[in-house]
>>> print(open('protein-v9.cif').read())   # mmCIF, C-alpha atoms; chains and numbers go by the auth columns
data_structure
#
loop_
_atom_site.group_PDB
_atom_site.id
_atom_site.type_symbol
_atom_site.label_atom_id
_atom_site.label_comp_id
_atom_site.label_asym_id
_atom_site.label_seq_id
_atom_site.Cartn_x
_atom_site.Cartn_y
_atom_site.Cartn_z
_atom_site.B_iso_or_equiv
_atom_site.auth_seq_id
_atom_site.auth_asym_id
ATOM 1 C CA MET A 1 13.213 -28.849 14.387 0.00 278 X
ATOM 2 C CA LYS A 2 13.154 -30.291 10.911 0.00 279 X
ATOM 3 C CA THR A 3 11.848 -28.369 7.953 0.00 280 X
ATOM 4 C CA LYS A 4 10.574 -29.910 4.769 0.00 281 X
ATOM 5 C CA ARG A 5 12.251 -29.027 1.544 0.00 282 X
ATOM 6 C CA ARG A 6 10.247 -28.183 -1.499 0.00 283 X
ATOM 7 C CA ASN A 7 10.657 -30.526 -4.391 0.00 284 X
ATOM 8 C CA LYS A 8 12.358 -29.128 -7.427 0.00 285 X
ATOM 9 C CA LYS A 9 11.021 -29.272 -10.964 0.00 286 X
ATOM 10 C CA ASN A 10 11.051 -33.050 -11.324 0.00 287 X
ATOM 11 C CA GLY A 11 8.069 -33.929 -13.452 0.00 288 X
ATOM 12 C CA ASN A 12 4.971 -34.485 -11.306 0.00 289 X
ATOM 13 C CA ASP A 13 6.497 -33.142 -8.092 0.00 290 X
ATOM 14 C CA TRP A 14 6.272 -29.489 -9.156 0.00 291 X
ATOM 15 C CA ARG A 15 3.782 -27.382 -7.195 0.00 292 X
ATOM 16 C CA ARG A 16 1.910 -24.550 -8.809 0.00 293 X
ATOM 17 C CA THR A 17 2.715 -21.122 -7.430 0.00 294 X
ATOM 18 C CA PHE A 18 0.178 -18.563 -6.292 0.00 295 X
ATOM 19 C CA HIS A 19 1.071 -16.381 -9.286 0.00 296 X
ATOM 20 C CA GLU A 20 0.232 -19.214 -11.710 0.00 297 X
ATOM 21 C CA ILE A 21 -3.088 -19.892 -9.996 0.00 298 X
ATOM 22 C CA ALA A 22 -3.955 -16.171 -9.982 0.00 299 X
ATOM 23 C CA ASP A 23 -3.197 -15.887 -13.711 0.00 300 X
ATOM 24 C CA GLU A 24 -5.438 -18.875 -14.466 0.00 301 X
ATOM 25 C CA THR A 25 -8.409 -17.477 -12.543 0.00 302 X
ATOM 26 C CA ARG A 26 -7.976 -13.815 -13.529 0.00 303 X
ATOM 27 C CA LEU A 27 -10.357 -13.835 -16.493 0.00 304 X
ATOM 28 C CA ASP A 28 -13.054 -15.822 -14.660 0.00 305 X
ATOM 29 C CA SER A 29 -12.930 -13.385 -11.741 0.00 306 X
ATOM 30 C CA ALA A 30 -13.253 -10.413 -14.074 0.00 307 X
ATOM 31 C CA GLN A 31 -16.229 -12.002 -15.841 0.00 308 X
ATOM 32 C CA LEU A 32 -17.973 -12.614 -12.520 0.00 309 X
ATOM 33 C CA ALA A 33 -17.382 -8.994 -11.501 0.00 310 X
ATOM 34 C CA TRP A 34 -18.773 -7.807 -14.853 0.00 311 X
ATOM 35 C CA GLU A 35 -21.903 -9.936 -14.439 0.00 312 X
ATOM 36 C CA ARG A 36 -22.328 -8.565 -10.892 0.00 313 X
ATOM 37 C CA ALA A 37 -22.100 -5.018 -12.297 0.00 314 X
ATOM 38 C CA LYS A 38 -24.711 -5.780 -14.975 0.00 315 X
ATOM 39 C CA LEU A 39 -27.064 -7.227 -12.383 0.00 316 X
ATOM 40 C CA ALA A 40 -26.586 -4.234 -10.071 0.00 317 X
ATOM 41 C CA SER A 41 -27.192 -1.902 -13.018 0.00 318 X
ATOM 42 C CA GLY A 42 -30.491 -3.545 -13.894 0.00 319 X
ATOM 43 C CA LEU A 43 -31.638 -3.529 -10.274 0.00 320 X
ATOM 44 C CA ARG A 44 -30.567 0.106 -9.918 0.00 321 X
ATOM 45 C CA HIS A 45 -32.701 1.114 -12.905 0.00 322 X
ATOM 46 C CA TYR A 46 -35.668 -0.781 -11.459 0.00 323 X
ATOM 47 C CA ALA A 47 -35.223 0.827 -8.019 0.00 324 X
ATOM 48 C CA HIS A 48 -34.917 4.282 -9.606 0.00 325 X
ATOM 49 C CA ASN A 49 -38.118 3.787 -11.608 0.00 326 X
ATOM 50 C CA ARG A 50 -39.938 2.748 -8.404 0.00 327 X
ATOM 51 C CA SER A 51 -38.607 5.877 -6.605 0.00 328 X
ATOM 52 C CA HIS A 52 -36.470 3.906 -4.161 0.00 329 X
ATOM 53 C CA ARG A 53 -33.663 6.429 -4.030 0.00 330 X
ATOM 54 C CA ARG A 54 -31.663 4.919 -1.172 0.00 331 X
ATOM 55 C CA ALA A 55 -31.624 1.486 -2.810 0.00 332 X
ATOM 56 C CA SER A 56 -30.764 3.089 -6.139 0.00 333 X
ATOM 57 C CA ARG A 57 -27.733 4.869 -4.663 0.00 334 X
ATOM 58 C CA LEU A 58 -26.560 1.696 -2.919 0.00 335 X
ATOM 59 C CA LEU A 59 -26.877 -0.334 -6.112 0.00 336 X
ATOM 60 C CA GLY A 60 -24.969 2.378 -7.989 0.00 337 X
ATOM 61 C CA ARG A 61 -22.094 2.029 -5.530 0.00 338 X
ATOM 62 C CA ILE A 62 -22.183 -1.770 -5.896 0.00 339 X
ATOM 63 C CA LYS A 63 -22.106 -1.384 -9.683 0.00 340 X
ATOM 64 C CA ALA A 64 -19.131 1.005 -9.557 0.00 341 X
ATOM 65 C CA ALA A 65 -17.249 -1.310 -7.165 0.00 342 X
ATOM 66 C CA ALA A 66 -17.855 -4.325 -9.408 0.00 343 X
ATOM 67 C CA ILE A 67 -16.661 -2.402 -12.475 0.00 344 X
ATOM 68 C CA ARG A 68 -13.593 -1.252 -10.538 0.00 345 X
ATOM 69 C CA ASN A 69 -12.909 -4.863 -9.577 0.00 346 X
ATOM 70 C CA ALA A 70 -13.190 -6.057 -13.188 0.00 347 X
ATOM 71 C CA LEU A 71 -10.922 -3.219 -14.280 0.00 348 X
ATOM 72 C CA GLU A 72 -8.289 -4.118 -11.667 0.00 349 X
ATOM 73 C CA VAL A 73 -8.305 -7.810 -12.513 0.00 350 X
ATOM 74 C CA ALA A 74 -8.454 -7.593 -16.325 0.00 351 X
ATOM 75 C CA PRO A 75 -7.433 -4.145 -17.549 0.00 352 X
ATOM 76 C CA ASP A 76 -6.715 -5.568 -21.001 0.00 353 X
ATOM 77 C CA LYS A 77 -10.373 -6.613 -21.491 0.00 354 X
ATOM 78 C CA VAL A 78 -12.259 -3.617 -20.057 0.00 355 X
ATOM 79 C CA ARG A 79 -12.112 -0.215 -21.758 0.00 356 X
ATOM 80 C CA VAL A 80 -13.232 3.073 -20.220 0.00 357 X
ATOM 81 C CA THR A 81 -14.083 5.987 -22.501 0.00 358 X
ATOM 82 C CA LEU A 82 -16.135 9.147 -22.329 0.00 359 X
ATOM 83 C CA ASP A 83 -19.433 8.455 -24.093 0.00 360 X
ATOM 84 C CA ASN A 84 -20.262 11.042 -26.735 0.00 361 X
ATOM 85 C CA ASP A 85 -22.750 8.939 -28.713 0.00 362 X
ATOM 86 C CA TYR A 86 -25.388 7.301 -26.547 0.00 363 X
ATOM 87 C CA HIS A 87 -25.322 9.023 -23.143 0.00 364 X
ATOM 88 C CA VAL A 88 -23.369 12.242 -23.540 0.00 365 X
ATOM 89 C CA GLY A 89 -21.232 13.088 -20.519 0.00 366 X
ATOM 90 C CA LEU A 90 -21.144 9.641 -18.935 0.00 367 X
ATOM 91 C CA LEU A 91 -18.279 7.194 -18.701 0.00 368 X
ATOM 92 C CA SER A 92 -18.802 4.243 -20.994 0.00 369 X
ATOM 93 C CA VAL A 93 -17.209 1.051 -19.685 0.00 370 X
ATOM 94 C CA ARG A 94 -17.035 -1.589 -22.405 0.00 371 X
ATOM 95 C CA TRP A 95 -16.114 -5.240 -22.568 0.00 372 X
ATOM 96 C CA ASP A 96 -16.144 -6.522 -26.142 0.00 373 X
ATOM 97 C CA GLY A 97 -18.756 -9.219 -26.550 0.00 374 X
ATOM 98 C CA ARG A 98 -20.249 -8.568 -23.103 0.00 375 X
ATOM 99 C CA GLY A 99 -21.841 -5.138 -23.573 0.00 376 X
ATOM 100 C CA ARG A 100 -21.290 -1.760 -22.012 0.00 377 X
ATOM 101 C CA LEU A 101 -22.236 -0.046 -18.787 0.00 378 X
ATOM 102 C CA HIS A 102 -22.395 3.640 -17.937 0.00 379 X
ATOM 103 C CA LEU A 103 -21.227 5.512 -14.874 0.00 380 X
ATOM 104 C CA PRO A 104 -21.302 9.208 -13.974 0.00 381 X
ATOM 105 C CA ALA A 105 -18.283 11.114 -15.245 0.00 382 X
ATOM 106 C CA ALA A 106 -17.294 11.849 -11.636 0.00 383 X
ATOM 107 C CA ALA A 107 -17.092 8.120 -10.785 0.00 384 X
ATOM 108 C CA ASP A 108 -13.841 7.099 -9.176 0.00 385 X
ATOM 109 C CA LEU A 109 -12.457 4.003 -10.897 0.00 386 X
ATOM 110 C CA GLU A 110 -9.052 4.137 -9.248 0.00 387 X
ATOM 111 C CA PRO A 111 -8.160 1.028 -7.241 0.00 388 X
ATOM 112 C CA VAL A 112 -9.230 1.235 -3.628 0.00 389 X
ATOM 113 C CA PHE A 113 -7.425 -0.848 -1.044 0.00 390 X
ATOM 114 C CA ASP A 114 -9.196 -0.543 2.297 0.00 391 X
ATOM 115 C CA THR A 115 -6.933 -1.844 5.031 0.00 392 X
ATOM 116 C CA GLY A 116 -8.986 -0.435 7.859 0.00 393 X
ATOM 117 C CA LEU A 117 -5.970 1.521 9.039 0.00 394 X
ATOM 118 C CA PRO A 118 -5.687 5.311 8.955 0.00 395 X
ATOM 119 C CA ALA A 119 -4.004 6.611 5.837 0.00 396 X
ATOM 120 C CA LYS A 120 -0.330 7.451 6.187 0.00 397 X
ATOM 121 C CA ARG A 121 0.739 10.805 4.923 0.00 398 X
ATOM 122 C CA ILE A 122 3.864 10.850 2.791 0.00 399 X
ATOM 123 C CA ALA A 123 5.510 14.249 2.857 0.00 400 X
#
>>> encode(input="protein-v9.cif", output="structure tokens")
Amino acid sequence: MKTKRRNKKNGNDWRRTFHEIADETRLDSAQLAWERAKLASGLRHYAHNRSHRRASRLLGRIKAAAIRNALEVAPDKVRVTLDNDYHVGLLSVRWDGRGRLHLPAAADLEPVFDTGLPAKRIA
């Protein structure tokens, strides 16, 4: 069985690696996640004002997941602080030039990797 060899760095024969492609698309992915969070936030406020509590809670979870995604992909662009000015007691998530969003202080912004497998206990 023959195997193909990869071409070395000879001008046009060089293939881009997955790491290079991921670095190029990192900022675009974070911006899309931020826009998804802003959209979910607006819809959540509308649902809350119309007394649709179940939809409001679902949209809040979508908003938090989108913010978590943006934070994982571009931690250098997104800042999380405790808001003491506008909404006291909430987490203020800011992206310079793109606005800010608020989450409850108990929101979990740690990365979540759901593999579908039961969690292994390390002891």
>>> closest_residue(input="protein-v9.cif", among="X:Val350, X:Val365, X:Ala332, X:Leu378", to="X:Glu312", atoms="only C-alpha atoms")
X:Leu378
>>> residues_around(input="protein-v9.cif", residues="X:Arg313", least_positions_apart="2", cutoff="9 Å", atoms="only C-alpha atoms", output="list of chain:residue names")
X:Gln308, X:Leu309, X:Ala310, X:Trp311, X:Lys315, X:Leu316, X:Ala317, X:Ser318, X:Ile339, X:Lys340, X:Ala343, X:Ile344
>>> atom_distance(input="protein-v9.cif", atom1="atom CA of X:Ala341", atom2="atom CA of X:Glu301")
24.6 Å
>>> residues_near_point(input="protein-v9.cif", point="(-15.7, 4.7, -23.3)", cutoff="10 Å", atoms="all atoms listed in the file", output="short mmCIF file (atom, residue, chain, number, x, y, z; two decimals) with C-alpha atoms, keeping the file's coordinate frame")
data_model
loop_
_atom_site.label_atom_id
_atom_site.label_comp_id
_atom_site.auth_asym_id
_atom_site.auth_seq_id
_atom_site.Cartn_x
_atom_site.Cartn_y
_atom_site.Cartn_z
CA VAL X 355 -12.26 -3.62 -20.06
CA ARG X 356 -12.11 -0.22 -21.76
CA VAL X 357 -13.23 3.07 -20.22
CA THR X 358 -14.08 5.99 -22.50
CA LEU X 359 -16.14 9.15 -22.33
CA ASP X 360 -19.43 8.46 -24.09
CA ASN X 361 -20.26 11.04 -26.74
CA ASP X 362 -22.75 8.94 -28.71
CA LEU X 367 -21.14 9.64 -18.93
CA LEU X 368 -18.28 7.19 -18.70
CA SER X 369 -18.80 4.24 -20.99
CA VAL X 370 -17.21 1.05 -19.68
CA ARG X 371 -17.04 -1.59 -22.40
CA TRP X 372 -16.11 -5.24 -22.57
CA ARG X 377 -21.29 -1.76 -22.01
CA LEU X 378 -22.24 -0.05 -18.79
CA HIS X 379 -22.40 3.64 -17.94
#
>>> closest_residue(input="protein-v9.cif", among="X:Leu335, X:Trp291, X:Glu349, X:Ala342", to="X:Leu304", atoms="only C-alpha atoms")
X:Glu349
>>> atom_distance(input="protein-v9.cif", atom1="atom CA of X:Arg334", atom2="atom CA of X:Leu386")
16.5 Å
